[in-house]
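Q: Just passing along the structure, written as structure tokens.
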Amino acid sequence: MKTEYNRGRNCWRSLLIAAAVLWACGPVEEGSSEEELGTQEQEALTGVALGIATGDIHTGVIQSLEFHAEQVVGEFANMGARWIRINADVATTSPTIYRRIVEKAHGKNIQALVVVPAKYCGSDTDQAEIDAFTSAYVSHLNDLVLNVFNDTGNADALEIGNEPNVLETIGCPDAAIRPRVSPNAFAWLLRRVWEWKQANGRPELIVSGGLKDVYTSQPYWNSLVASQAFIVSSGPPVVRIRPFDFFGVHPYNNANMDYTCINNGLTTCFTYWKASVKNGLQAAATRLNNATGTTNTRLWATEFGFQLSPQVDCLPEDNCCTGIENCTLTNSRPYNTTPPTPPYQQMAAAMNAAGEAFQSSGVTPVAIWTLYRDAGPKSFGLRGVWDEELHKYRVKLTAWNKFRSLAGGTGSTVPEACWAVGSFFTVDFNGQDDRRTTSSDDWAYANWKAACAPGERIMGLSKSIDTGLTRVGICYKDTLDSGRYNHPVPETNPPPTTPDAPRCTVRDVNAGDDRGASVGKPPTTSMDWDAGNWRAECSPDEYVAGLAQGLDHRFSRILCCPQTLSAAQRTCEAIVFGSGDNRQSTEHGDWDPEGHKGQCGVGRYVAGVSRTPAGEPNALLCCTQ
């Protein structure tokens, strides 16, 4: 299995190198303020900016956004995505992780739409109950923008609830079937959020939670547009208000579909659906214009895709849709074709039809594809399930390419360009030097030293399970960011005229903290990231390129060398491994079975190492690139 994994990984790496696209995931400058919606003339869908919803992959999954936001948003940027849609209030996601996700998106010129869930269990006619609900929601929203999505991790747009018209029984004490948020209460929620935005001068765009479908004859729509929340004064004359920047919609299901066409996997099934979506969007905008007294209401498809729920008790001979939730996944390959058509052609055709509907509607300037990866029963992601052998999420290439074409993507055409796994090298300095370069001279005399080679960085350190003292480290060199780590200069013969040693500095923690004061440099972070222990810490423009331990195996020093990372978007956290493994990435396997291991994620670097007063390594300071 290990051989097959390495073979698959090396194959992908060779493909990437051959394609000369490895630097396509580097930093991208922010756009001008005039590109508020991310629309650009060169996009295939003129006047429509596309984005991608991540789903709840924030934490706890393979290649989570917690540790791989750089790679995920790099892929999105290559595809031409201008928005990322993430869910707030996920219990396992800390403010630091949320800010990191948004910061990485901004670093690739991608804006962030944050969904803030809403659930209402009260009466749709009791104003006191509605006011209590909207007041609590606005208070929570205010807390999110002040304490979670703030500073460099601020949201660009806030989606107020999600599919409020979906009927469900969960979330309320009586378990009665009711909309997630009843229509009048939802209208008042938008009104109160809008008043909050105006009163506080908030810059975020306000997007109504996307209503599922755009069939405006539904009872929910009738009650929504009749709400008094849209009336400021009953006049005469009547004064109305539009309490949102965009009205969110999820234009999914079709009222009438040729199931035989779908089940045969054909790509010509969407002409009627495209016209239905276009007409539905225009009708929704018209009804909202009338309700709000305006003439230019804009819609935002905060989720889009082609979905059909399977018909209940449907027999095969009835030619019903046989897919689980998205028939274009199950039936994406036309039958009996020679040669076989690539899979997901039908999914791509549905995506194309939706994009053309948005464009021709003239009222839908932003649309977000419903999912990045398959999740649970919803299997319409641009990527499918995790492949253990290939060590990646399988890409649905036809649909992936179609999104890139519609979005006007100009980045790499290789889906794995941002996911190539780099190389790890164990450095065993437990009783001897293990220096992958000597250009920095003997920076820790009478100590055992580990040093990384050009373009590499320290990513992990271990301590003995038996004694608690220092054992081995690992160096890492990736295919995207090795050029940012400048230590050491390449060794040449004759030696370079400018030695590397003067550019690097050492932190000595044999007698206490050394966070840069000894060499006149500031620490990377001001936080007390391992209180009670002695911290060795590089400055904001340095990284840990080497480790040292005394002849008694007590951790003693780090070597800090120059790097060219952006300090503006950096976040750091302590990875404590004093009593057991604590690894943000397990890509390199068990590189020290006899030790407790600390390891940073592949999208991070080590900015500091701490030890106890007794000399035992205790924590790594892992920072984002």
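Convention: chains lettered A, B, ... in structure tokens order; per-chain residue numbering from 1; ligands numbered from 1 as shown.
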What lies within 7 Å of region 538-545 of chain A using only C-alpha atoms, ignoring chain neighbours under 6 positions off, as a PyMOL selection string?

A: chain A and resi 451-452+457-458+487+515-516+521-524+558-564+567+606-608

Q: Can you list every residue in region 31-262 of chain A that DSSP puts in strand (DSSP E), as a short mmCIF file (atom, residue, chain, number, x, y, z; two decimals) with all heavy atoms, in the first residue's frame?

A:
```
data_model
loop_
_atom_site.label_atom_id
_atom_site.label_comp_id
_atom_site.auth_asym_id
_atom_site.auth_seq_id
_atom_site.Cartn_x
_atom_site.Cartn_y
_atom_site.Cartn_z
N ALA A 49 -20.61 36.79 -11.28
CA ALA A 49 -19.45 36.30 -10.55
C ALA A 49 -19.81 34.99 -9.88
O ALA A 49 -20.87 34.87 -9.26
CB ALA A 49 -19.01 37.32 -9.50
N LEU A 50 -18.94 34.00 -9.99
CA LEU A 50 -19.21 32.68 -9.41
C LEU A 50 -18.39 32.44 -8.16
O LEU A 50 -17.27 32.95 -8.03
CB LEU A 50 -18.92 31.59 -10.43
CG LEU A 50 -19.79 31.56 -11.69
CD1 LEU A 50 -19.45 30.34 -12.54
CD2 LEU A 50 -21.27 31.56 -11.35
N GLY A 51 -18.94 31.67 -7.25
CA GLY A 51 -18.25 31.28 -6.04
C GLY A 51 -18.52 29.83 -5.73
O GLY A 51 -19.26 29.14 -6.44
N ILE A 52 -17.94 29.35 -4.62
CA ILE A 52 -18.07 27.95 -4.23
C ILE A 52 -18.37 27.88 -2.74
O ILE A 52 -17.72 28.56 -1.93
CB ILE A 52 -16.79 27.15 -4.53
CG1 ILE A 52 -16.42 27.25 -6.01
CG2 ILE A 52 -16.94 25.69 -4.13
CD1 ILE A 52 -15.08 26.65 -6.35
N ALA A 53 -19.34 27.05 -2.36
CA ALA A 53 -19.64 26.81 -0.94
C ALA A 53 -18.75 25.68 -0.44
O ALA A 53 -18.61 24.64 -1.09
CB ALA A 53 -21.11 26.43 -0.76
N TRP A 83 -15.96 34.20 -4.85
CA TRP A 83 -16.58 34.16 -3.52
C TRP A 83 -16.39 32.78 -2.91
O TRP A 83 -16.34 31.77 -3.62
CB TRP A 83 -18.08 34.47 -3.60
CG TRP A 83 -18.37 35.92 -3.84
CD1 TRP A 83 -18.48 36.55 -5.05
CD2 TRP A 83 -18.55 36.93 -2.85
NE1 TRP A 83 -18.72 37.88 -4.88
CE2 TRP A 83 -18.78 38.15 -3.52
CE3 TRP A 83 -18.56 36.93 -1.45
CZ2 TRP A 83 -19.01 39.35 -2.86
CZ3 TRP A 83 -18.80 38.12 -0.78
CH2 TRP A 83 -19.01 39.32 -1.47
N ILE A 84 -16.30 32.76 -1.60
CA ILE A 84 -16.32 31.53 -0.84
C ILE A 84 -17.48 31.65 0.15
O ILE A 84 -17.69 32.70 0.74
CB ILE A 84 -14.99 31.28 -0.10
CG1 ILE A 84 -15.00 29.95 0.65
CG2 ILE A 84 -14.64 32.43 0.83
CD1 ILE A 84 -13.65 29.61 1.26
N ARG A 85 -18.28 30.60 0.28
CA ARG A 85 -19.42 30.61 1.21
C ARG A 85 -19.12 29.66 2.35
O ARG A 85 -18.90 28.46 2.15
CB ARG A 85 -20.70 30.17 0.49
CG ARG A 85 -21.98 30.22 1.34
CD ARG A 85 -23.16 29.79 0.50
NE ARG A 85 -24.44 29.98 1.15
CZ ARG A 85 -25.27 28.99 1.50
NH1 ARG A 85 -24.91 27.73 1.30
NH2 ARG A 85 -26.43 29.26 2.07
N ILE A 86 -19.08 30.19 3.59
CA ILE A 86 -18.78 29.38 4.77
C ILE A 86 -19.89 29.56 5.79
O ILE A 86 -20.59 30.57 5.80
CB ILE A 86 -17.42 29.74 5.38
CG1 ILE A 86 -17.37 31.21 5.77
CG2 ILE A 86 -16.29 29.40 4.44
CD1 ILE A 86 -16.07 31.61 6.45
N ASN A 87 -20.05 28.58 6.66
CA ASN A 87 -21.11 28.57 7.66
C ASN A 87 -20.59 29.03 9.01
O ASN A 87 -19.61 28.49 9.52
CB ASN A 87 -21.70 27.18 7.80
CG ASN A 87 -22.33 26.69 6.51
OD1 ASN A 87 -22.96 27.46 5.80
ND2 ASN A 87 -22.16 25.41 6.21
N GLN A 111 -13.66 36.87 -2.02
CA GLN A 111 -14.42 37.45 -0.92
C GLN A 111 -15.23 36.38 -0.19
O GLN A 111 -15.47 35.30 -0.73
CB GLN A 111 -15.32 38.57 -1.45
CG GLN A 111 -14.51 39.74 -2.01
CD GLN A 111 -15.38 40.81 -2.64
OE1 GLN A 111 -15.84 40.65 -3.76
NE2 GLN A 111 -15.62 41.89 -1.91
N ALA A 112 -15.63 36.69 1.04
CA ALA A 112 -16.26 35.70 1.90
C ALA A 112 -17.70 36.05 2.21
O ALA A 112 -17.99 37.13 2.73
CB ALA A 112 -15.47 35.56 3.20
N LEU A 113 -18.61 35.14 1.87
CA LEU A 113 -20.01 35.22 2.28
C LEU A 113 -20.18 34.28 3.47
O LEU A 113 -19.92 33.08 3.36
CB LEU A 113 -20.93 34.79 1.13
CG LEU A 113 -22.40 34.57 1.49
CD1 LEU A 113 -23.07 35.89 1.87
CD2 LEU A 113 -23.14 33.90 0.33
N VAL A 114 -20.60 34.82 4.61
CA VAL A 114 -20.75 34.03 5.83
C VAL A 114 -22.23 33.82 6.11
O VAL A 114 -23.00 34.78 6.25
CB VAL A 114 -20.08 34.72 7.03
CG1 VAL A 114 -20.35 33.97 8.32
CG2 VAL A 114 -18.57 34.84 6.78
N VAL A 115 -22.64 32.57 6.21
CA VAL A 115 -24.03 32.22 6.50
C VAL A 115 -24.22 32.18 8.01
O VAL A 115 -23.53 31.43 8.71
CB VAL A 115 -24.40 30.85 5.91
CG1 VAL A 115 -25.88 30.56 6.13
CG2 VAL A 115 -24.05 30.79 4.43
N VAL A 116 -25.16 32.98 8.51
CA VAL A 116 -25.48 32.99 9.94
C VAL A 116 -26.85 32.33 10.09
O VAL A 116 -27.86 32.92 9.72
CB VAL A 116 -25.49 34.42 10.51
CG1 VAL A 116 -25.75 34.39 12.01
CG2 VAL A 116 -24.16 35.11 10.21
N ALA A 157 -19.75 39.69 3.13
CA ALA A 157 -21.21 39.64 3.03
C ALA A 157 -21.74 38.68 4.07
O ALA A 157 -21.07 37.70 4.42
CB ALA A 157 -21.64 39.21 1.63
N LEU A 158 -22.94 38.97 4.59
CA LEU A 158 -23.58 38.14 5.60
C LEU A 158 -24.89 37.62 5.04
O LEU A 158 -25.73 38.40 4.58
CB LEU A 158 -23.84 38.96 6.87
CG LEU A 158 -22.61 39.53 7.57
CD1 LEU A 158 -23.01 40.56 8.61
CD2 LEU A 158 -21.79 38.40 8.21
N GLU A 159 -25.05 36.31 5.07
CA GLU A 159 -26.30 35.70 4.62
C GLU A 159 -27.17 35.44 5.85
O GLU A 159 -26.78 34.69 6.75
CB GLU A 159 -26.04 34.41 3.85
CG GLU A 159 -27.30 33.82 3.25
CD GLU A 159 -27.03 32.62 2.35
OE1 GLU A 159 -25.85 32.33 2.08
OE2 GLU A 159 -28.01 31.99 1.92
N ILE A 160 -28.34 36.03 5.86
CA ILE A 160 -29.19 36.03 7.04
C ILE A 160 -30.11 34.81 7.01
O ILE A 160 -31.17 34.80 6.38
CB ILE A 160 -30.02 37.33 7.12
CG1 ILE A 160 -29.08 38.54 6.96
CG2 ILE A 160 -30.79 37.41 8.42
CD1 ILE A 160 -27.92 38.57 7.94
N LEU A 167 -39.55 23.26 5.09
CA LEU A 167 -40.34 22.72 6.19
C LEU A 167 -39.54 21.66 6.93
O LEU A 167 -38.89 20.81 6.32
CB LEU A 167 -41.63 22.10 5.65
CG LEU A 167 -42.61 23.04 4.93
CD1 LEU A 167 -43.78 22.24 4.38
CD2 LEU A 167 -43.10 24.13 5.87
N GLU A 168 -39.57 21.73 8.27
CA GLU A 168 -38.85 20.76 9.07
C GLU A 168 -39.50 20.63 10.43
O GLU A 168 -40.28 21.49 10.86
CB GLU A 168 -37.38 21.16 9.22
CG GLU A 168 -37.16 22.53 9.84
CD GLU A 168 -35.70 22.95 9.83
OE1 GLU A 168 -34.89 22.29 9.16
OE2 GLU A 168 -35.37 23.93 10.51
N ARG A 178 -43.05 23.03 10.41
CA ARG A 178 -43.16 24.46 10.13
C ARG A 178 -41.95 24.91 9.33
O ARG A 178 -40.92 24.21 9.29
CB ARG A 178 -43.21 25.25 11.45
CG ARG A 178 -42.04 24.98 12.38
CD ARG A 178 -41.88 26.07 13.43
NE ARG A 178 -43.03 26.23 14.27
CZ ARG A 178 -43.28 25.52 15.39
NH1 ARG A 178 -42.46 24.54 15.73
NH2 ARG A 178 -44.33 25.78 16.13
N PRO A 179 -42.03 26.05 8.66
CA PRO A 179 -40.84 26.58 7.96
C PRO A 179 -39.72 26.86 8.97
O PRO A 179 -39.98 27.12 10.15
CB PRO A 179 -41.35 27.87 7.33
CG PRO A 179 -42.82 27.74 7.27
CD PRO A 179 -43.21 26.91 8.46
N LEU A 205 -22.10 43.40 3.00
CA LEU A 205 -23.32 43.28 2.22
C LEU A 205 -24.31 42.39 2.98
O LEU A 205 -23.91 41.38 3.58
CB LEU A 205 -23.04 42.66 0.86
CG LEU A 205 -22.13 43.46 -0.09
CD1 LEU A 205 -21.79 42.62 -1.31
CD2 LEU A 205 -22.80 44.76 -0.50
N ILE A 206 -25.57 42.76 2.97
CA ILE A 206 -26.60 41.95 3.61
C ILE A 206 -27.34 41.17 2.53
O ILE A 206 -27.92 41.75 1.61
CB ILE A 206 -27.58 42.82 4.42
CG1 ILE A 206 -26.83 43.59 5.51
CG2 ILE A 206 -28.69 41.96 5.03
CD1 ILE A 206 -26.09 42.72 6.51
N VAL A 207 -27.29 39.85 2.66
CA VAL A 207 -27.94 38.96 1.70
C VAL A 207 -28.99 38.16 2.45
O VAL A 207 -28.69 37.54 3.48
CB VAL A 207 -26.92 38.00 1.06
CG1 VAL A 207 -27.59 37.13 -0.01
CG2 VAL A 207 -25.75 38.78 0.47
N SER A 208 -30.22 38.17 1.97
CA SER A 208 -31.24 37.39 2.65
C SER A 208 -30.89 35.91 2.54
O SER A 208 -30.30 35.47 1.55
CB SER A 208 -32.62 37.63 2.03
OG SER A 208 -32.81 36.84 0.88
N LEU A 211 -33.88 31.52 -0.30
CA LEU A 211 -35.11 30.74 -0.36
C LEU A 211 -34.93 29.60 -1.35
O LEU A 211 -34.43 29.81 -2.46
CB LEU A 211 -36.29 31.61 -0.78
CG LEU A 211 -37.12 32.22 0.35
CD1 LEU A 211 -36.30 33.24 1.13
CD2 LEU A 211 -38.39 32.86 -0.21
N LYS A 212 -35.33 28.42 -0.93
CA LYS A 212 -35.21 27.29 -1.84
C LYS A 212 -36.24 27.42 -2.94
O LYS A 212 -37.43 27.61 -2.66
CB LYS A 212 -35.38 25.97 -1.10
CG LYS A 212 -35.06 24.76 -1.96
CD LYS A 212 -35.03 23.48 -1.16
CE LYS A 212 -34.62 22.30 -2.05
NZ LYS A 212 -34.57 21.03 -1.30
N ILE A 231 -42.81 48.04 4.96
CA ILE A 231 -43.48 49.34 4.94
C ILE A 231 -42.97 50.20 6.09
O ILE A 231 -43.06 49.81 7.26
CB ILE A 231 -45.01 49.16 5.04
CG1 ILE A 231 -45.52 48.37 3.83
CG2 ILE A 231 -45.70 50.51 5.13
CD1 ILE A 231 -47.01 48.10 3.86
N VAL A 232 -42.41 51.34 5.76
CA VAL A 232 -41.93 52.28 6.76
C VAL A 232 -43.05 53.17 7.24
O VAL A 232 -43.16 53.50 8.42
CB VAL A 232 -40.77 53.12 6.19
CG1 VAL A 232 -40.30 54.16 7.20
CG2 VAL A 232 -39.61 52.22 5.77
N SER A 233 -43.90 53.58 6.31
CA SER A 233 -45.03 54.46 6.65
C SER A 233 -46.23 54.05 5.80
O SER A 233 -46.09 53.82 4.59
CB SER A 233 -44.67 55.92 6.40
OG SER A 233 -45.81 56.74 6.54
N VAL A 239 -44.75 54.46 2.17
CA VAL A 239 -43.28 54.46 2.01
C VAL A 239 -42.76 53.06 2.32
O VAL A 239 -43.02 52.53 3.40
CB VAL A 239 -42.63 55.50 2.95
CG1 VAL A 239 -41.11 55.46 2.78
CG2 VAL A 239 -43.18 56.89 2.67
N ARG A 240 -42.05 52.49 1.38
CA ARG A 240 -41.55 51.12 1.53
C ARG A 240 -40.02 51.11 1.66
O ARG A 240 -39.35 52.10 1.37
CB ARG A 240 -41.99 50.26 0.35
CG ARG A 240 -43.52 50.10 0.27
CD ARG A 240 -43.94 49.25 -0.92
NE ARG A 240 -45.40 49.08 -0.95
CZ ARG A 240 -46.04 48.12 -0.31
NH1 ARG A 240 -45.35 47.21 0.38
NH2 ARG A 240 -47.36 48.03 -0.37
N PHE A 247 -31.18 39.70 -2.48
CA PHE A 247 -32.11 38.70 -1.98
C PHE A 247 -31.60 37.33 -2.42
O PHE A 247 -31.39 37.08 -3.60
CB PHE A 247 -33.52 38.94 -2.51
CG PHE A 247 -34.57 38.13 -1.79
CD1 PHE A 247 -35.15 38.63 -0.64
CD2 PHE A 247 -34.93 36.87 -2.23
CE1 PHE A 247 -36.10 37.89 0.05
CE2 PHE A 247 -35.87 36.13 -1.56
CZ PHE A 247 -36.46 36.64 -0.40
N GLY A 248 -31.39 36.44 -1.45
CA GLY A 248 -30.83 35.13 -1.74
C GLY A 248 -31.87 34.15 -2.23
O GLY A 248 -33.00 34.12 -1.74
N VAL A 249 -31.49 33.34 -3.21
CA VAL A 249 -32.35 32.29 -3.75
C VAL A 249 -31.51 31.04 -4.01
O VAL A 249 -30.30 31.13 -4.23
CB VAL A 249 -33.05 32.72 -5.06
CG1 VAL A 249 -34.09 33.78 -4.80
CG2 VAL A 249 -32.03 33.21 -6.08
N HIS A 250 -32.18 29.89 -3.96
CA HIS A 250 -31.56 28.62 -4.32
C HIS A 250 -32.39 28.01 -5.45
O HIS A 250 -33.31 27.22 -5.19
CB HIS A 250 -31.53 27.67 -3.11
CG HIS A 250 -30.65 28.14 -2.01
ND1 HIS A 250 -30.58 27.51 -0.77
CD2 HIS A 250 -29.80 29.19 -1.92
CE1 HIS A 250 -29.73 28.15 0.00
NE2 HIS A 250 -29.25 29.16 -0.68
#
```

Q: Compare A:Thr54, A:Asn222, A:Thr612, A:Ser556 by their minimum atom-to-atom distance to Ala105 (chain A), counting only C-alpha atoms, and give me the closest one.

A: A:Thr54

Q: Which residues, written as a ChimeraX atom specification, have at least one atom at most 12 Å from Glu594 (chain A), with only C-alpha atoms counted and residues fewer than 3 positions away on the same chain left out?

A: /A:462-472,580-581,590-591,597
